[in-house]
Amino acid sequence: MRGPKKIATLIVACLFVYLTLFTWNLRTGHLDALSSYTGLDISGVILKPGLWVAEQVTGFWTRYIYLVGLKQENDQLKAESAELRRANMLMHAQAVSADRLEKLLGFVPPETWSFSGARVIGHRMGPAGALDTMVVDKGAAQDVTDDMPVVALDGVVGRILRSGAATSTVLLLTDPNSRIAVIGEKNRSPGMLMGQGYGNQLQLRYVNLNATIDSGELLLSSGLSGVYPKGLPVARVTKIRRSDISLFLTVQAEPLVDVAGLEEVLLLGRVQAEPGEEPGTPAGKEGEPVAADQ
């Protein structure tokens, strides 16, 4: 019974204290004033952490949404930048190609010769892969025949080794099997220019020991072999050595054309004289230039 009595006594005491404070507050109003001052401070202490957490969560979500949009915009700008770079590279390549083709169209062939352009489509292909060769995209269907001279704007490239139906193999002047009869531009000393393999100097053979030839002199095709027309630039002399036991000079030369970097070449063909026309006169109407095969 002691337990219930203690609880009842505690309840009665609490009610008494409450009624006493209530009655005192009604008369004085001190408790209301105290609560008005302390309640705001207490509520502020309780609410501020919650507001801070809410602001952080809201700010984080806002920044996240902003960063997602920024990333999407950044990805889009990167894609557009890559596309513009690709288009710029393509336009630059086309401009360079157009400039090369324009220069090729301005090529003036030797008299009684015509020319046509061809694209390089490969190097060292097929059965002739062991030789210094390249493959061009024209063949017998475009009137390409064996031994046709192949040139670039800077000089001789080689000759047609074998012509197929739609493609042809070019034997480069750097190949050891290449032979080109040449003559010095200045001193007119003749010789036979032979290839020594790509990357190696050309050898000018059969130049008499007492012949005059200078280092740096330009070598032109002499036309004696019947393959190349006379006067085409072929190579430039780089080294001359005299020997006491040989009747000929040892002469080295470098080709004028970097065959590895060629993309287009020119094929030279003889202009066939029409019946009743002199062999040295180009085909066509009298007084009119011969139209080059473009």
# chains A, B, ... in the order shown; residues from 1 in each chain; ligands from 1
call {"tool": "residues_around", "arguments": {"residues": "A:Gly216", "least_positions_apart": "5", "cutoff": "12 Å", "atoms": "only C-alpha atoms", "output": "PyMOL selection string"}}
result
chain A and resi 184-187+235-240+251-256
call {"tool": "write_last_selection", "arguments": {"atoms": "all heavy atoms", "output": "compact mmCIF listing (two decimals), in the first residue's frame"}}
result
# COMPACT_ATOMS: atom_id res chain seq x y z
N GLY A 184 74.31 16.75 -117.67
CA GLY A 184 74.40 17.89 -116.76
C GLY A 184 73.79 19.14 -117.37
O GLY A 184 73.98 19.42 -118.55
N GLU A 185 73.04 19.88 -116.57
CA GLU A 185 72.38 21.08 -117.08
C GLU A 185 73.39 22.14 -117.49
O GLU A 185 73.22 22.82 -118.50
CB GLU A 185 71.44 21.63 -116.01
CG GLU A 185 70.69 22.89 -116.44
CD GLU A 185 69.88 23.50 -115.33
OE1 GLU A 185 70.34 23.48 -114.16
OE2 GLU A 185 68.78 24.02 -115.61
N LYS A 186 74.47 22.27 -116.73
CA LYS A 186 75.44 23.34 -116.97
C LYS A 186 76.56 22.90 -117.90
O LYS A 186 76.83 23.54 -118.92
CB LYS A 186 76.00 23.82 -115.64
CG LYS A 186 77.07 24.89 -115.75
CD LYS A 186 77.60 25.27 -114.37
CE LYS A 186 78.71 26.30 -114.48
NZ LYS A 186 79.26 26.66 -113.14
N ASN A 187 77.21 21.78 -117.56
CA ASN A 187 78.39 21.35 -118.30
C ASN A 187 78.10 20.33 -119.39
O ASN A 187 79.00 19.97 -120.15
CB ASN A 187 79.42 20.78 -117.33
CG ASN A 187 79.89 21.82 -116.32
OD1 ASN A 187 80.45 22.84 -116.68
ND2 ASN A 187 79.63 21.56 -115.03
N ALA A 235 67.76 14.64 -110.94
CA ALA A 235 68.50 14.57 -109.68
C ALA A 235 69.48 15.74 -109.60
O ALA A 235 69.64 16.51 -110.57
CB ALA A 235 69.23 13.23 -109.56
N ARG A 236 70.15 15.84 -108.46
CA ARG A 236 71.15 16.88 -108.26
C ARG A 236 72.42 16.23 -107.72
O ARG A 236 72.37 15.41 -106.79
CB ARG A 236 70.65 17.94 -107.29
CG ARG A 236 71.55 19.18 -107.20
CD ARG A 236 70.92 20.24 -106.32
NE ARG A 236 69.64 20.68 -106.85
CZ ARG A 236 69.49 21.60 -107.80
NH1 ARG A 236 70.59 22.16 -108.34
NH2 ARG A 236 68.30 21.97 -108.22
N VAL A 237 73.57 16.60 -108.28
CA VAL A 237 74.86 16.03 -107.89
C VAL A 237 75.19 16.44 -106.46
O VAL A 237 75.09 17.62 -106.09
CB VAL A 237 75.97 16.48 -108.85
CG1 VAL A 237 77.33 15.96 -108.39
CG2 VAL A 237 75.66 16.01 -110.27
N THR A 238 75.59 15.46 -105.65
CA THR A 238 75.94 15.74 -104.25
C THR A 238 77.41 15.47 -103.96
O THR A 238 77.98 16.08 -103.06
CB THR A 238 75.08 14.89 -103.31
OG1 THR A 238 75.27 13.49 -103.62
CG2 THR A 238 73.62 15.24 -103.44
N LYS A 239 78.05 14.54 -104.70
CA LYS A 239 79.43 14.17 -104.37
C LYS A 239 80.14 13.69 -105.63
O LYS A 239 79.58 12.92 -106.42
CB LYS A 239 79.44 13.09 -103.29
CG LYS A 239 80.81 12.76 -102.75
CD LYS A 239 80.70 11.76 -101.61
CE LYS A 239 82.06 11.43 -101.03
NZ LYS A 239 81.95 10.43 -99.92
N ILE A 240 81.38 14.11 -105.78
CA ILE A 240 82.20 13.70 -106.93
C ILE A 240 83.54 13.20 -106.39
O ILE A 240 84.18 13.86 -105.56
CB ILE A 240 82.44 14.87 -107.90
CG1 ILE A 240 81.10 15.46 -108.36
CG2 ILE A 240 83.27 14.42 -109.09
CD1 ILE A 240 81.23 16.75 -109.12
N VAL A 251 80.33 9.45 -109.09
CA VAL A 251 79.45 10.60 -108.84
C VAL A 251 78.19 10.09 -108.13
O VAL A 251 77.57 9.10 -108.56
CB VAL A 251 79.07 11.32 -110.15
CG1 VAL A 251 78.18 12.52 -109.86
CG2 VAL A 251 80.32 11.74 -110.90
N GLN A 252 77.82 10.79 -107.08
CA GLN A 252 76.58 10.50 -106.36
C GLN A 252 75.61 11.66 -106.56
O GLN A 252 76.02 12.82 -106.68
CB GLN A 252 76.83 10.28 -104.88
CG GLN A 252 77.62 9.02 -104.57
CD GLN A 252 77.78 8.81 -103.07
OE1 GLN A 252 77.57 9.72 -102.27
NE2 GLN A 252 78.17 7.60 -102.69
N ALA A 253 74.33 11.34 -106.56
CA ALA A 253 73.30 12.37 -106.73
C ALA A 253 72.08 12.00 -105.88
O ALA A 253 71.90 10.84 -105.51
CB ALA A 253 72.91 12.50 -108.20
N GLU A 254 71.28 12.99 -105.58
CA GLU A 254 70.04 12.75 -104.83
C GLU A 254 68.85 13.08 -105.70
O GLU A 254 68.87 14.04 -106.47
CB GLU A 254 70.01 13.60 -103.55
CG GLU A 254 70.04 15.10 -103.78
CD GLU A 254 70.00 15.88 -102.49
OE1 GLU A 254 70.00 15.23 -101.43
OE2 GLU A 254 69.99 17.13 -102.55
N PRO A 255 67.79 12.27 -105.63
CA PRO A 255 66.60 12.54 -106.45
C PRO A 255 65.94 13.84 -106.03
O PRO A 255 66.01 14.25 -104.87
CB PRO A 255 65.71 11.32 -106.20
CG PRO A 255 66.17 10.77 -104.89
CD PRO A 255 67.64 11.07 -104.80
N LEU A 256 65.27 14.48 -106.96
CA LEU A 256 64.57 15.73 -106.67
C LEU A 256 63.20 15.49 -106.05
O LEU A 256 62.63 16.41 -105.44
CB LEU A 256 64.40 16.54 -107.96
CG LEU A 256 65.71 16.94 -108.67
CD1 LEU A 256 65.39 17.68 -109.96
CD2 LEU A 256 66.58 17.79 -107.77
call {"tool": "residues_around", "arguments": {"residues": "stretch 202-209 of chain A", "least_positions_apart": "5", "cutoff": "9 Å", "atoms": "only C-alpha atoms", "output": "MDAnalysis selection string"}}
result
chainID A and resid 173:174 182 189:197 235 237 242:243 246:255
call {"tool": "residues_around", "arguments": {"residues": "A:Pro233", "least_positions_apart": "6", "cutoff": "9 Å", "atoms": "only C-alpha atoms", "output": "ChimeraX atom specification"}}
result
/A:154-156,185,218-221,256
call {"tool": "select_by_dssp", "arguments": {"residues": "stretch 93-193 of chain A", "states": "alpha helix (DSSP H)", "output": "ChimeraX atom specification"}}
result
/A:93-105
call {"tool": "select_by_dssp", "arguments": {"residues": "stretch 91-271 of chain A", "states": "strand (DSSP E)", "output": "ChimeraX atom specification"}}
result
/A:113-123,133-136,149-151,156-163,168-172,179-184,190-194,202-208,218-221,233-241,248-255,264-270
call {"tool": "write_last_selection", "arguments": {"atoms": "C-alpha atoms", "output": "CSV table (one decimal), in the first residue's frame"}}
result
chain,number,residue,atom,x,y,z
A,113,TRP,CA,54.1,14.8,-125.4
A,114,SER,CA,50.9,14.8,-123.5
A,115,PHE,CA,50.1,14.1,-119.8
A,116,SER,CA,47.4,12.7,-117.6
A,117,GLY,CA,47.1,12.7,-113.8
A,118,ALA,CA,47.0,9.6,-111.6
A,119,ARG,CA,46.6,9.0,-107.9
A,120,VAL,CA,49.1,6.9,-105.9
A,121,ILE,CA,47.1,4.1,-104.2
A,122,GLY,CA,49.9,1.9,-102.7
A,123,HIS,CA,53.6,1.1,-102.4
A,133,THR,CA,57.6,0.5,-106.8
A,134,MET,CA,54.3,2.3,-106.3
A,135,VAL,CA,50.8,1.6,-107.7
A,136,VAL,CA,48.7,4.2,-109.5
A,149,PRO,CA,57.5,8.1,-118.0
A,150,VAL,CA,56.1,9.0,-114.6
A,151,VAL,CA,56.9,12.5,-113.2
A,156,VAL,CA,61.2,12.3,-112.6
A,157,VAL,CA,59.6,9.7,-110.5
A,158,GLY,CA,60.2,6.6,-112.6
A,159,ARG,CA,58.5,4.6,-115.4
A,160,ILE,CA,55.6,2.2,-115.8
A,161,LEU,CA,56.9,-1.3,-115.1
A,162,ARG,CA,53.6,-3.1,-115.7
A,163,SER,CA,50.2,-1.8,-116.7
A,168,SER,CA,49.7,0.2,-113.0
A,169,THR,CA,53.0,-0.5,-111.2
A,170,VAL,CA,55.6,2.3,-111.4
A,171,LEU,CA,59.3,1.4,-111.1
A,172,LEU,CA,60.8,4.2,-109.1
A,179,ARG,CA,68.5,3.3,-115.5
A,180,ILE,CA,68.0,6.8,-116.7
A,181,ALA,CA,70.3,8.5,-119.3
A,182,VAL,CA,71.0,12.0,-118.1
A,183,ILE,CA,73.1,15.0,-118.9
A,184,GLY,CA,74.4,17.9,-116.8
A,190,PRO,CA,76.4,12.7,-120.0
A,191,GLY,CA,76.1,9.6,-117.8
A,192,MET,CA,73.8,6.8,-116.7
A,193,LEU,CA,71.9,7.4,-113.4
A,194,MET,CA,71.2,4.2,-111.5
A,202,LEU,CA,71.8,7.6,-106.8
A,203,GLN,CA,74.9,6.6,-108.7
A,204,LEU,CA,75.9,8.4,-111.9
A,205,ARG,CA,78.0,6.0,-113.9
A,206,TYR,CA,80.1,6.2,-117.0
A,207,VAL,CA,81.1,9.8,-116.6
A,208,ASN,CA,84.5,10.3,-118.2
A,218,LEU,CA,71.2,19.6,-111.9
A,219,LEU,CA,70.9,16.4,-114.0
A,220,LEU,CA,68.4,16.3,-116.8
A,221,SER,CA,67.1,13.4,-118.8
A,233,PRO,CA,64.9,17.3,-114.1
A,234,VAL,CA,65.9,14.1,-112.5
A,235,ALA,CA,68.5,14.6,-109.7
A,236,ARG,CA,71.1,16.9,-108.3
A,237,VAL,CA,74.9,16.0,-107.9
A,238,THR,CA,75.9,15.7,-104.3
A,239,LYS,CA,79.4,14.2,-104.4
A,240,ILE,CA,82.2,13.7,-106.9
A,241,ARG,CA,85.2,11.5,-106.4
A,248,PHE,CA,85.3,7.1,-114.9
A,249,LEU,CA,84.3,9.5,-112.1
A,250,THR,CA,82.4,8.3,-109.1
A,251,VAL,CA,79.4,10.6,-108.8
A,252,GLN,CA,76.6,10.5,-106.4
A,253,ALA,CA,73.3,12.4,-106.7
A,254,GLU,CA,70.0,12.8,-104.8
A,255,PRO,CA,66.6,12.5,-106.4
A,264,GLU,CA,49.5,12.3,-107.3
A,265,VAL,CA,51.8,11.8,-110.3
A,266,LEU,CA,51.7,12.6,-114.0
A,267,LEU,CA,51.9,10.0,-116.8
A,268,LEU,CA,53.6,11.2,-120.0
A,269,GLY,CA,52.6,9.8,-123.3
A,270,ARG,CA,53.7,10.5,-126.9
